$ cat coords-v3.cif   # mmCIF, C-alpha atoms and all ligand atoms
data_query
#
loop_
_atom_site.group_PDB
_atom_site.id
_atom_site.type_symbol
_atom_site.label_atom_id
_atom_site.label_comp_id
_atom_site.auth_asym_id
_atom_site.auth_seq_id
_atom_site.Cartn_x
_atom_site.Cartn_y
_atom_site.Cartn_z
ATOM 1 C CA MET W 22 0.000 0.000 0.000
ATOM 2 C CA SER W 23 1.423 3.356 -0.902
ATOM 3 C CA THR W 24 1.609 6.197 1.602
ATOM 4 C CA ALA W 25 -0.890 8.992 1.020
ATOM 5 C CA PRO W 26 0.987 12.044 -0.297
ATOM 6 C CA THR W 27 -0.315 14.251 2.514
ATOM 7 C CA GLN W 28 1.349 11.964 5.074
ATOM 8 C CA LEU W 29 4.718 12.387 3.458
ATOM 9 C CA PRO W 30 7.041 14.979 4.937
ATOM 10 C CA VAL W 31 8.248 18.064 3.147
ATOM 11 C CA ILE W 32 11.923 17.536 2.359
ATOM 12 C CA VAL W 33 14.255 20.466 2.874
ATOM 13 C CA ALA W 34 17.662 20.243 1.194
ATOM 14 C CA GLY W 35 20.146 22.178 3.344
ATOM 15 C CA GLY W 36 20.228 22.902 7.067
ATOM 16 C CA GLY W 37 21.473 26.492 6.934
ATOM 17 C CA ILE W 38 19.539 29.513 8.175
ATOM 18 C CA GLY W 39 17.214 29.349 5.158
ATOM 19 C CA GLY W 40 16.542 25.627 5.462
ATOM 20 C CA LEU W 41 15.857 25.705 9.191
ATOM 21 C CA ALA W 42 13.586 28.748 8.892
ATOM 22 C CA ALA W 43 11.635 26.955 6.147
ATOM 23 C CA ALA W 44 11.455 23.789 8.266
ATOM 24 C CA LEU W 45 10.072 25.686 11.253
ATOM 25 C CA ALA W 46 7.547 27.578 9.153
ATOM 26 C CA LEU W 47 6.327 24.289 7.660
ATOM 27 C CA VAL W 48 5.969 22.648 11.076
ATOM 28 C CA ARG W 49 3.943 25.640 12.265
ATOM 29 C CA GLN W 50 1.629 24.928 9.303
ATOM 30 C CA GLY W 51 1.198 21.290 10.337
ATOM 31 C CA PHE W 52 3.723 19.552 8.079
ATOM 32 C CA ALA W 53 6.308 16.992 9.113
ATOM 33 C CA VAL W 54 9.716 17.922 7.749
ATOM 34 C CA THR W 55 12.873 16.046 6.797
ATOM 35 C CA VAL W 56 16.042 18.134 6.580
ATOM 36 C CA LEU W 57 18.912 16.702 4.518
ATOM 37 C CA GLU W 58 22.286 18.292 5.260
ATOM 38 C CA GLN W 59 25.536 17.383 3.544
ATOM 39 C CA ALA W 60 27.755 18.396 6.469
ATOM 40 C CA PRO W 61 28.435 15.884 9.254
ATOM 41 C CA GLU W 62 26.815 18.292 11.724
ATOM 42 C CA ILE W 63 24.107 20.916 11.491
ATOM 43 C CA GLY W 64 26.030 24.088 12.207
ATOM 44 C CA GLU W 65 26.841 27.583 11.019
ATOM 45 C CA ILE W 66 29.956 29.565 10.303
ATOM 46 C CA GLY W 67 30.321 33.267 9.617
ATOM 47 C CA ALA W 68 30.192 36.361 11.686
ATOM 48 C CA GLY W 69 27.631 38.979 12.461
ATOM 49 C CA ILE W 70 24.319 39.964 11.017
ATOM 50 C CA GLN W 71 22.471 43.199 11.603
ATOM 51 C CA ILE W 72 18.809 42.553 12.222
ATOM 52 C CA GLY W 73 16.151 45.222 11.994
ATOM 53 C CA PRO W 74 12.698 45.110 13.592
ATOM 54 C CA ASN W 75 11.277 43.362 10.524
ATOM 55 C CA GLY W 76 13.796 40.534 11.007
ATOM 56 C CA PHE W 77 12.676 40.108 14.609
ATOM 57 C CA HIS W 78 9.043 40.139 13.480
ATOM 58 C CA ALA W 79 9.957 37.206 11.217
ATOM 59 C CA PHE W 80 11.614 35.426 14.174
ATOM 60 C CA ASP W 81 8.457 36.041 16.226
ATOM 61 C CA ALA W 82 6.334 34.477 13.490
ATOM 62 C CA LEU W 83 8.592 31.403 13.609
ATOM 63 C CA GLY W 84 8.387 31.316 17.419
ATOM 64 C CA VAL W 85 12.086 32.085 17.976
ATOM 65 C CA GLY W 86 11.857 35.805 18.731
ATOM 66 C CA ASP W 87 12.716 35.414 22.431
ATOM 67 C CA LYS W 88 15.655 33.104 21.722
ATOM 68 C CA ALA W 89 17.079 35.476 19.100
ATOM 69 C CA ARG W 90 16.515 38.608 21.207
ATOM 70 C CA GLY W 91 18.231 36.847 24.114
ATOM 71 C CA ARG W 92 21.387 36.307 22.023
ATOM 72 C CA ALA W 93 21.493 39.689 20.316
ATOM 73 C CA VAL W 94 23.616 42.737 21.142
ATOM 74 C CA TYR W 95 21.603 45.927 21.402
ATOM 75 C CA THR W 96 23.232 48.931 19.845
ATOM 76 C CA ASP W 97 22.555 52.516 20.926
ATOM 77 C CA PHE W 98 22.482 53.944 17.433
ATOM 78 C CA MET W 99 23.316 53.376 13.798
ATOM 79 C CA VAL W 100 25.546 55.852 12.099
ATOM 80 C CA MET W 101 26.740 56.583 8.572
ATOM 81 C CA HIS W 102 29.880 58.592 7.773
ATOM 82 C CA ASP W 103 31.446 59.791 4.565
ATOM 83 C CA ALA W 104 34.651 57.753 4.381
ATOM 84 C CA ILE W 105 36.563 60.550 2.650
ATOM 85 C CA ASP W 106 36.103 63.461 5.060
ATOM 86 C CA GLU W 107 34.481 61.694 8.041
ATOM 87 C CA TYR W 108 31.365 63.881 7.692
ATOM 88 C CA GLN W 109 28.511 62.331 9.643
ATOM 89 C CA VAL W 110 25.766 61.726 7.093
ATOM 90 C CA GLY W 111 23.191 60.362 9.487
ATOM 91 C CA LYS W 112 22.688 58.976 12.958
ATOM 92 C CA ILE W 113 19.585 57.143 14.155
ATOM 93 C CA PRO W 114 19.125 56.272 17.829
ATOM 94 C CA THR W 115 17.951 52.683 18.290
ATOM 95 C CA ASP W 116 16.708 53.238 21.813
ATOM 96 C CA GLU W 117 13.450 52.422 23.551
ATOM 97 C CA LYS W 118 11.573 55.004 21.490
ATOM 98 C CA PHE W 119 12.763 53.234 18.324
ATOM 99 C CA ARG W 120 11.649 49.866 19.732
ATOM 100 C CA GLN W 121 8.239 51.243 20.651
ATOM 101 C CA ARG W 122 7.761 52.740 17.233
ATOM 102 C CA PHE W 123 8.712 49.603 15.260
ATOM 103 C CA GLY W 124 7.563 46.965 17.748
ATOM 104 C CA ASN W 125 10.954 45.270 17.918
ATOM 105 C CA PRO W 126 14.594 46.261 18.399
ATOM 106 C CA TYR W 127 17.451 46.887 16.010
ATOM 107 C CA ALA W 128 20.304 44.592 17.010
ATOM 108 C CA VAL W 129 23.396 42.768 15.884
ATOM 109 C CA ILE W 130 23.824 39.055 16.370
ATOM 110 C CA HIS W 131 26.329 36.345 15.540
ATOM 111 C CA ARG W 132 25.196 34.237 12.606
ATOM 112 C CA ALA W 133 25.806 31.057 14.610
ATOM 113 C CA ASP W 134 23.356 32.364 17.240
ATOM 114 C CA VAL W 135 20.633 32.921 14.629
ATOM 115 C CA HIS W 136 21.209 29.400 13.359
ATOM 116 C CA LEU W 137 21.245 27.940 16.876
ATOM 117 C CA SER W 138 17.958 29.645 17.762
ATOM 118 C CA LEU W 139 16.292 28.140 14.692
ATOM 119 C CA LEU W 140 17.869 24.724 15.271
ATOM 120 C CA GLU W 141 16.782 24.538 18.919
ATOM 121 C CA ALA W 142 13.242 25.541 18.010
ATOM 122 C CA ALA W 143 13.093 23.013 15.168
ATOM 123 C CA GLN W 144 14.340 20.254 17.487
ATOM 124 C CA GLU W 145 11.851 21.255 20.184
ATOM 125 C CA THR W 146 8.913 20.727 17.824
ATOM 126 C CA GLY W 147 9.777 17.023 17.475
ATOM 127 C CA GLN W 148 8.457 17.268 13.921
ATOM 128 C CA VAL W 149 11.737 17.767 12.090
ATOM 129 C CA GLN W 150 13.931 14.799 11.215
ATOM 130 C CA PHE W 151 17.553 15.635 10.532
ATOM 131 C CA HIS W 152 19.834 13.571 8.327
ATOM 132 C CA THR W 153 23.436 14.769 8.320
ATOM 133 C CA SER W 154 26.259 13.635 5.994
ATOM 134 C CA THR W 155 23.464 13.453 3.442
ATOM 135 C CA ARG W 156 24.188 15.256 0.214
ATOM 136 C CA VAL W 157 21.307 15.626 -2.219
ATOM 137 C CA VAL W 158 22.500 14.563 -5.680
ATOM 138 C CA ARG W 159 19.372 13.759 -7.690
ATOM 139 C CA ILE W 160 15.664 14.501 -7.622
ATOM 140 C CA GLU W 161 12.680 12.955 -9.366
ATOM 141 C CA GLN W 162 9.099 14.047 -9.044
ATOM 142 C CA ASP W 163 5.677 12.879 -10.182
ATOM 143 C CA ASP W 164 2.231 14.387 -9.728
ATOM 144 C CA HIS W 165 2.029 13.449 -6.035
ATOM 145 C CA SER W 166 5.481 13.158 -4.600
ATOM 146 C CA VAL W 167 9.160 13.849 -4.931
ATOM 147 C CA THR W 168 12.049 11.434 -4.389
ATOM 148 C CA VAL W 169 15.467 12.711 -3.431
ATOM 149 C CA TRP W 170 18.632 10.597 -3.577
ATOM 150 C CA ASP W 171 21.742 11.190 -1.544
ATOM 151 C CA GLN W 172 25.369 10.449 -2.449
ATOM 152 C CA ASN W 173 25.049 6.873 -1.149
ATOM 153 C CA GLY W 174 22.002 6.074 -3.263
ATOM 154 C CA LYS W 175 19.593 6.329 -0.336
ATOM 155 C CA ALA W 176 16.147 7.619 -1.343
ATOM 156 C CA PHE W 177 13.936 10.006 0.626
ATOM 157 C CA LYS W 178 10.324 10.492 -0.404
ATOM 158 C CA GLY W 179 8.348 13.630 0.325
ATOM 159 C CA CYS W 180 5.232 15.530 -0.719
ATOM 160 C CA ALA W 181 7.405 18.508 -1.700
ATOM 161 C CA LEU W 182 11.040 19.562 -1.799
ATOM 162 C CA ILE W 183 12.488 22.911 -0.795
ATOM 163 C CA GLY W 184 15.944 23.708 -2.132
ATOM 164 C CA ALA W 185 17.721 25.617 0.637
ATOM 165 C CA ASP W 186 21.084 24.192 -0.348
ATOM 166 C CA GLY W 187 22.910 27.470 -0.781
ATOM 167 C CA VAL W 188 24.299 29.426 -3.655
ATOM 168 C CA LYS W 189 25.557 26.319 -5.459
ATOM 169 C CA SER W 190 22.201 24.602 -5.062
ATOM 170 C CA VAL W 191 21.895 21.133 -6.598
ATOM 171 C CA VAL W 192 18.115 21.524 -6.495
ATOM 172 C CA ARG W 193 18.231 24.778 -8.437
ATOM 173 C CA GLU W 194 20.778 23.318 -10.848
ATOM 174 C CA GLN W 195 18.434 20.457 -11.698
ATOM 175 C CA PHE W 196 15.272 22.545 -12.122
ATOM 176 C CA VAL W 197 16.512 25.969 -13.237
ATOM 177 C CA GLY W 198 20.104 25.416 -14.305
ATOM 178 C CA ASP W 199 21.156 29.059 -14.327
ATOM 179 C CA PRO W 200 24.670 30.121 -13.299
ATOM 180 C CA ALA W 201 25.277 32.017 -10.051
ATOM 181 C CA ARG W 202 25.134 35.762 -10.723
ATOM 182 C CA VAL W 203 28.281 37.652 -9.814
ATOM 183 C CA THR W 204 27.946 41.302 -8.777
ATOM 184 C CA GLY W 205 31.661 42.062 -8.792
ATOM 185 C CA HIS W 206 31.587 43.016 -5.111
ATOM 186 C CA VAL W 207 34.389 41.639 -2.993
ATOM 187 C CA VAL W 208 33.994 41.384 0.757
ATOM 188 C CA TYR W 209 36.682 40.962 3.380
ATOM 189 C CA ARG W 210 35.560 40.392 6.911
ATOM 190 C CA ALA W 211 37.119 39.839 10.270
ATOM 191 C CA VAL W 212 36.108 39.377 13.863
ATOM 192 C CA VAL W 213 38.484 41.455 15.981
ATOM 193 C CA GLU W 214 38.980 41.146 19.735
ATOM 194 C CA LYS W 215 38.077 44.336 21.603
ATOM 195 C CA LYS W 216 41.696 44.931 22.684
ATOM 196 C CA ASP W 217 42.809 44.967 19.025
ATOM 197 C CA PHE W 218 40.042 47.281 17.786
ATOM 198 C CA PRO W 219 40.702 51.074 17.670
ATOM 199 C CA GLU W 220 39.518 52.562 20.933
ATOM 200 C CA ASP W 221 38.018 55.660 19.320
ATOM 201 C CA LEU W 222 35.752 53.415 17.240
ATOM 202 C CA GLN W 223 34.548 51.171 20.048
ATOM 203 C CA TRP W 224 30.990 52.415 19.698
ATOM 204 C CA ASN W 225 27.958 50.450 20.672
ATOM 205 C CA ALA W 226 26.625 51.078 17.210
ATOM 206 C CA ALA W 227 26.230 49.665 13.747
ATOM 207 C CA ALA W 228 28.542 51.960 11.797
ATOM 208 C CA ILE W 229 29.135 52.346 8.087
ATOM 209 C CA TRP W 230 31.796 54.453 6.303
ATOM 210 C CA VAL W 231 30.854 54.984 2.688
ATOM 211 C CA GLY W 232 33.313 55.894 -0.076
ATOM 212 C CA PRO W 233 33.452 55.655 -3.857
ATOM 213 C CA ASN W 234 32.844 52.016 -4.829
ATOM 214 C CA CYS W 235 33.758 50.941 -1.333
ATOM 215 C CA HIS W 236 32.428 50.849 2.187
ATOM 216 C CA LEU W 237 33.428 49.656 5.627
ATOM 217 C CA VAL W 238 31.088 48.394 8.330
ATOM 218 C CA HIS W 239 31.797 47.682 11.981
ATOM 219 C CA TYR W 240 29.705 46.771 14.971
ATOM 220 C CA PRO W 241 30.102 44.940 18.293
ATOM 221 C CA LEU W 242 29.457 41.226 18.698
ATOM 222 C CA ARG W 243 28.812 39.030 21.709
ATOM 223 C CA GLY W 244 28.355 41.723 24.303
ATOM 224 C CA GLY W 245 31.003 44.006 22.824
ATOM 225 C CA GLU W 246 33.881 41.623 23.478
ATOM 226 C CA GLN W 247 34.519 41.426 19.751
ATOM 227 C CA TYR W 248 33.961 43.667 16.739
ATOM 228 C CA ASN W 249 32.749 42.514 13.367
ATOM 229 C CA VAL W 250 34.555 44.383 10.593
ATOM 230 C CA VAL W 251 33.518 44.087 6.969
ATOM 231 C CA VAL W 252 35.075 45.908 4.032
ATOM 232 C CA THR W 253 33.433 45.800 0.637
ATOM 233 C CA PHE W 254 34.623 47.122 -2.704
ATOM 234 C CA HIS W 255 33.597 46.861 -6.296
ATOM 235 C CA SER W 256 36.374 44.912 -7.974
ATOM 236 C CA ARG W 257 38.398 46.101 -10.957
ATOM 237 C CA GLU W 258 38.815 42.441 -11.936
ATOM 238 C CA GLN W 259 36.416 40.060 -13.606
ATOM 239 C CA GLU W 260 35.424 38.218 -10.445
ATOM 240 C CA GLU W 261 34.025 34.736 -10.231
ATOM 241 C CA TRP W 262 31.768 33.582 -7.430
ATOM 242 C CA GLY W 263 33.791 32.017 -4.652
ATOM 243 C CA VAL W 264 36.235 32.485 -1.840
ATOM 244 C CA LYS W 265 39.933 33.068 -2.459
ATOM 245 C CA ASP W 266 42.948 34.474 -0.663
ATOM 246 C CA GLY W 267 43.419 38.231 -0.662
ATOM 247 C CA SER W 268 45.842 40.727 0.795
ATOM 248 C CA LYS W 269 45.966 43.940 2.814
ATOM 249 C CA GLU W 270 47.520 45.648 -0.241
ATOM 250 C CA GLU W 271 44.581 44.640 -2.403
ATOM 251 C CA VAL W 272 42.058 46.028 0.071
ATOM 252 C CA GLN W 273 44.004 49.268 0.585
ATOM 253 C CA SER W 274 44.257 49.845 -3.156
ATOM 254 C CA TYR W 275 40.471 50.241 -3.206
ATOM 255 C CA PHE W 276 40.431 52.642 -0.277
ATOM 256 C CA GLN W 277 42.859 55.211 -1.743
ATOM 257 C CA GLY W 278 41.767 58.741 -0.933
ATOM 258 C CA ILE W 279 39.602 57.943 2.028
ATOM 259 C CA SER W 280 40.302 59.289 5.487
ATOM 260 C CA PRO W 281 43.732 57.869 6.447
ATOM 261 C CA LYS W 282 42.461 57.285 9.978
ATOM 262 C CA ARG W 283 39.908 54.816 8.620
ATOM 263 C CA ALA W 284 42.099 53.321 5.916
ATOM 264 C CA ASN W 285 44.395 51.448 8.308
HETATM 265 C C1 LIG W 301 32.018 34.327 3.008
HETATM 266 C C2 LIG W 301 30.571 34.731 3.295
HETATM 267 C C3 LIG W 301 30.303 35.566 4.351
HETATM 268 C C4 LIG W 301 28.999 35.957 4.633
HETATM 269 N N1 LIG W 301 28.796 36.755 5.701
HETATM 270 C C5 LIG W 301 27.554 37.148 6.003
HETATM 271 C C6 LIG W 301 27.313 37.961 7.147
HETATM 272 O O1 LIG W 301 28.240 38.305 7.882
HETATM 273 N N2 LIG W 301 26.030 38.337 7.393
HETATM 274 C C7 LIG W 301 25.007 37.940 6.588
HETATM 275 O O2 LIG W 301 23.870 38.283 6.849
HETATM 276 N N3 LIG W 301 25.200 37.161 5.505
HETATM 277 C C8 LIG W 301 26.440 36.774 5.198
HETATM 278 N N4 LIG W 301 26.653 36.004 4.107
HETATM 279 C C9 LIG W 301 25.509 35.608 3.276
HETATM 280 C C10 LIG W 301 24.847 34.428 3.941
HETATM 281 O O3 LIG W 301 25.842 33.446 4.164
HETATM 282 C C11 LIG W 301 23.773 33.809 3.078
HETATM 283 O O4 LIG W 301 22.864 34.750 2.634
HETATM 284 C C12 LIG W 301 23.011 32.766 3.927
HETATM 285 O O5 LIG W 301 23.911 31.889 4.560
HETATM 286 C C13 LIG W 301 22.130 31.960 3.048
HETATM 287 O O6 LIG W 301 21.498 30.969 3.874
HETATM 288 P P1 LIG W 301 21.009 29.659 3.235
HETATM 289 O O7 LIG W 301 20.455 28.804 4.330
HETATM 290 O O8 LIG W 301 20.119 29.984 2.087
HETATM 291 O O9 LIG W 301 22.314 28.998 2.592
HETATM 292 P P2 LIG W 301 23.627 28.436 3.287
HETATM 293 O O10 LIG W 301 23.957 29.142 4.537
HETATM 294 O O11 LIG W 301 24.650 28.358 2.214
HETATM 295 O O12 LIG W 301 23.197 26.965 3.705
HETATM 296 C C14 LIG W 301 23.076 25.945 2.754
HETATM 297 C C15 LIG W 301 23.178 24.633 3.520
HETATM 298 O O13 LIG W 301 22.929 23.593 2.592
HETATM 299 C C16 LIG W 301 23.946 22.609 2.698
HETATM 300 N N5 LIG W 301 24.036 22.010 1.368
HETATM 301 C C17 LIG W 301 24.578 22.520 0.248
HETATM 302 N N6 LIG W 301 24.432 21.689 -0.786
HETATM 303 C C18 LIG W 301 23.767 20.613 -0.307
HETATM 304 C C19 LIG W 301 23.302 19.407 -0.893
HETATM 305 N N7 LIG W 301 23.462 19.152 -2.193
HETATM 306 N N8 LIG W 301 22.664 18.510 -0.110
HETATM 307 C C20 LIG W 301 22.454 18.757 1.215
HETATM 308 N N9 LIG W 301 22.880 19.881 1.826
HETATM 309 C C21 LIG W 301 23.512 20.806 1.074
HETATM 310 C C22 LIG W 301 25.182 23.363 3.132
HETATM 311 O O14 LIG W 301 26.112 22.505 3.777
HETATM 312 C C23 LIG W 301 24.582 24.388 4.086
HETATM 313 O O15 LIG W 301 24.456 23.907 5.403
HETATM 314 C C24 LIG W 301 27.939 35.562 3.809
HETATM 315 C C25 LIG W 301 28.210 34.706 2.734
HETATM 316 C C26 LIG W 301 29.508 34.300 2.475
HETATM 317 C C27 LIG W 301 29.786 33.396 1.306
#
$ encode --input "coords-v3.cif" --output "structure tokens"
Amino acid sequence: MSTAPTQLPVIVAGGGIGGLAAALALVRQGFAVTVLEQAPEIGEIGAGIQIGPNGFHAFDALGVGDKARGRAVYTDFMVMHDAIDEYQVGKIPTDEKFRQRFGNPYAVIHRADVHLSLLEAAQETGQVQFHTSTRVVRIEQDDHSVTVWDQNGKAFKGCALIGADGVKSVVREQFVGDPARVTGHVVYRAVVEKKDFPEDLQWNAAAIWVGPNCHLVHYPLRGGEQYNVVVTFHSREQEEWGVKDGSKEEVQSYFQGISPKRAN
């Protein structure tokens, strides 16, 4: 006897932030979910994310608002400067009045803490099955179901499949087949211990310095013990999507002419 399609789980390929958020949303709608993750463990790398009130509203809808707010760092303001002459372009307090107005805070949070909040909530539902070391390699679908095969030839059957398997998605490759779009922006990022971060910039704020074809962002992480620093520039080269080694000289060549204080 075949299983009725409605009793099949929704399969989610990829256990990143997108996959776990989709899994939770599906459980809240009454679906059972199977998450297939290629890595040996469900986990997250990366650094900080700035989250506005709308992001926290989304967490609230998924039932993880309190977890995420509990792990966030609350900044006093956000500020934008001109990177050339240090002119302050704008400054917005993110205080209680801001929270009242938008119904949620503006905060910065480590990416791993966003992922953890979603993972804990998904596990707590008891409705999400996780399969790690399971790389989706092939998909077949008919009118009622979808079958997904992993690298070992194991098949998983579901009523639907969500491809949350990242920028090099196998799911997208099979059904859309378009190449990843490359914007030409190159990003360098670092997490710097407080003692190594310039004292005059140790603001409890999300700060951005904007220059021609380049910008620099910094904000505190994990209670202000660390600072997330991200520099972005529009490359002169024909870039391909991916991660490769860079150099201080390369970054500085894009920040010629900006305030020397901020260029180092
Ligand atoms: C170097 C770098 C730094 C970044 N820094 C930031 C930042 O600081 N702040 C920010 O907001 N955003 C940042 N981003 C962007 C952010 O990473 C992505 O927008 C976000 O991770 C996308 O989430 P996702 O769940 O869709 O995909 P991913 O996070 O890529 O998750 C995809 C998951 O699917 C798994 N997977 C892949 N293929 C398969 C397969 N075939 N079968 C099964 N599982 C599979 C992967 O192992 C992974 O766990 C950064 C991106 C990069 C590349």
$ residues_near_point --input "coords-v3.cif" --point "(35.9, 38.8, 20.8)" --cutoff "12 Å" --atoms "all atoms listed in the file" --output "PDB file with C-alpha atoms, keeping the file's coordinate frame"
ATOM      1  CA  ALA W  68      30.192  36.361  11.686  1.00  0.00           C
ATOM      2  CA  GLY W  69      27.631  38.979  12.461  1.00  0.00           C
ATOM      3  CA  HIS W 131      26.329  36.345  15.540  1.00  0.00           C
ATOM      4  CA  ALA W 211      37.119  39.839  10.270  1.00  0.00           C
ATOM      5  CA  VAL W 212      36.108  39.377  13.863  1.00  0.00           C
ATOM      6  CA  VAL W 213      38.484  41.455  15.981  1.00  0.00           C
ATOM      7  CA  GLU W 214      38.980  41.146  19.735  1.00  0.00           C
ATOM      8  CA  LYS W 215      38.077  44.336  21.603  1.00  0.00           C
ATOM      9  CA  LYS W 216      41.696  44.931  22.684  1.00  0.00           C
ATOM     10  CA  ASP W 217      42.809  44.967  19.025  1.00  0.00           C
ATOM     11  CA  PHE W 218      40.042  47.281  17.786  1.00  0.00           C
ATOM     12  CA  TYR W 240      29.705  46.771  14.971  1.00  0.00           C
ATOM     13  CA  PRO W 241      30.102  44.940  18.293  1.00  0.00           C
ATOM     14  CA  LEU W 242      29.457  41.226  18.698  1.00  0.00           C
ATOM     15  CA  ARG W 243      28.812  39.030  21.709  1.00  0.00           C
ATOM     16  CA  GLY W 244      28.355  41.723  24.303  1.00  0.00           C
ATOM     17  CA  GLY W 245      31.003  44.006  22.824  1.00  0.00           C
ATOM     18  CA  GLU W 246      33.881  41.623  23.478  1.00  0.00           C
ATOM     19  CA  GLN W 247      34.519  41.426  19.751  1.00  0.00           C
ATOM     20  CA  TYR W 248      33.961  43.667  16.739  1.00  0.00           C
ATOM     21  CA  ASN W 249      32.749  42.514  13.367  1.00  0.00           C
ATOM     22  CA  VAL W 250      34.555  44.383  10.593  1.00  0.00           C
TER      23      VAL W 250
END
$ residues_near_ligand --input "coords-v3.cif" --ligand "ligand LIG 301 (chain W)" --cutoff "9 Å" --atoms "all atoms listed in the file" --output "ChimeraX atom specification"
/W:33-42,56-72,131-132,153-159,171-172,184-192,208-210,249,251,262-264
$ resolve_selection --input "coords-v3.cif" --expression "the PyMOL selection byres (((chain W and resi 76) around 12) and not hetatm)" --output "list in words"
Ala42, Ile70, Gln71, Ile72, Gly73, Pro74, Asn75, Phe77, His78, Ala79, Phe80, Asp81, Ala82, Leu83, Val85, Gly86, Ala89, Arg90, Phe123, Gly124, Asn125, Pro126, Tyr127, Ala128, Val129, Ile130 and Val135 of chain W
$ write_last_selection --input "coords-v3.cif" --atoms "C-alpha atoms" --output "mmCIF file, in the frame of the given file"
data_model
loop_
_atom_site.group_PDB
_atom_site.id
_atom_site.type_symbol
_atom_site.label_atom_id
_atom_site.label_comp_id
_atom_site.auth_asym_id
_atom_site.auth_seq_id
_atom_site.Cartn_x
_atom_site.Cartn_y
_atom_site.Cartn_z
ATOM 1 C CA ALA W 42 13.586 28.748 8.892
ATOM 2 C CA ILE W 70 24.319 39.964 11.017
ATOM 3 C CA GLN W 71 22.471 43.199 11.603
ATOM 4 C CA ILE W 72 18.809 42.553 12.222
ATOM 5 C CA GLY W 73 16.151 45.222 11.994
ATOM 6 C CA PRO W 74 12.698 45.110 13.592
ATOM 7 C CA ASN W 75 11.277 43.362 10.524
ATOM 8 C CA PHE W 77 12.676 40.108 14.609
ATOM 9 C CA HIS W 78 9.043 40.139 13.480
ATOM 10 C CA ALA W 79 9.957 37.206 11.217
ATOM 11 C CA PHE W 80 11.614 35.426 14.174
ATOM 12 C CA ASP W 81 8.457 36.041 16.226
ATOM 13 C CA ALA W 82 6.334 34.477 13.490
ATOM 14 C CA LEU W 83 8.592 31.403 13.609
ATOM 15 C CA VAL W 85 12.086 32.085 17.976
ATOM 16 C CA GLY W 86 11.857 35.805 18.731
ATOM 17 C CA ALA W 89 17.079 35.476 19.100
ATOM 18 C CA ARG W 90 16.515 38.608 21.207
ATOM 19 C CA PHE W 123 8.712 49.603 15.260
ATOM 20 C CA GLY W 124 7.563 46.965 17.748
ATOM 21 C CA ASN W 125 10.954 45.270 17.918
ATOM 22 C CA PRO W 126 14.594 46.261 18.399
ATOM 23 C CA TYR W 127 17.451 46.887 16.010
ATOM 24 C CA ALA W 128 20.304 44.592 17.010
ATOM 25 C CA VAL W 129 23.396 42.768 15.884
ATOM 26 C CA ILE W 130 23.824 39.055 16.370
ATOM 27 C CA VAL W 135 20.633 32.921 14.629
#
$ closest_residue --input "coords-v3.cif" --among "W:Gly267, W:Gly111, W:Gly147, W:Gly84" --to "Phe52 of chain W" --atoms "only C-alpha atoms"
W:Gly147
$ closest_atom_pairs --input "coords-v3.cif" --of "segment 79-172 of chain W" --to "segment 225-228 of chain W" --cutoff "8 Å" --atoms "only C-alpha atoms" --output "Markdown table"
| residue | atom | partner | partner_atom | distance |
| --- | --- | --- | --- | --- |
| W:Tyr95 | CA | W:Asn225 | CA | 7.8 |
| W:Thr96 | CA | W:Ala226 | CA | 4.8 |
| W:Asp97 | CA | W:Ala226 | CA | 5.7 |
| W:Phe98 | CA | W:Ala226 | CA | 5.0 |
| W:Met99 | CA | W:Ala227 | CA | 4.7 |
| W:Val100 | CA | W:Ala228 | CA | 4.9 |
| W:Met101 | CA | W:Ala228 | CA | 5.9 |
| W:His102 | CA | W:Ala228 | CA | 7.9 |
| W:Val129 | CA | W:Ala227 | CA | 7.8 |
$ resolve_selection --input "coords-v3.cif" --expression "the PyMOL selection byres (((chain W and resi 235) around 12) and not hetatm)" --output "ChimeraX atom specification"
/W:103-105,205-209,229-234,236-238,251-257,272-279,284
$ closest_residue --input "coords-v3.cif" --among "W:Pro114, W:Gly198, W:His152, W:Arg122" --to "Ala176 of chain W" --atoms "all atoms listed in the file"
W:His152
$ residues_around --input "coords-v3.cif" --residues "Lys88 of chain W" --least-positions-apart "5" --cutoff "10 Å" --atoms "only C-alpha atoms" --output "list in words"
Phe80, Asp81, Ala93, Asp134, Val135, Leu137, Ser138, Leu139, Glu141 and Ala142 of chain W
$ atom_distance --input "coords-v3.cif" --atom1 "atom CA of Ser268 of chain W" --atom2 "atom CA of Ala133 of chain W"
26.2 Å
$ resolve_selection --input "coords-v3.cif" --expression "the PyMOL selection byres (((chain W and resi 54) around 12) and not hetatm)" --output "PyMOL selection string"
chain W and resi 27-34+36+40-53+55-57+143-144+146-152+177-183
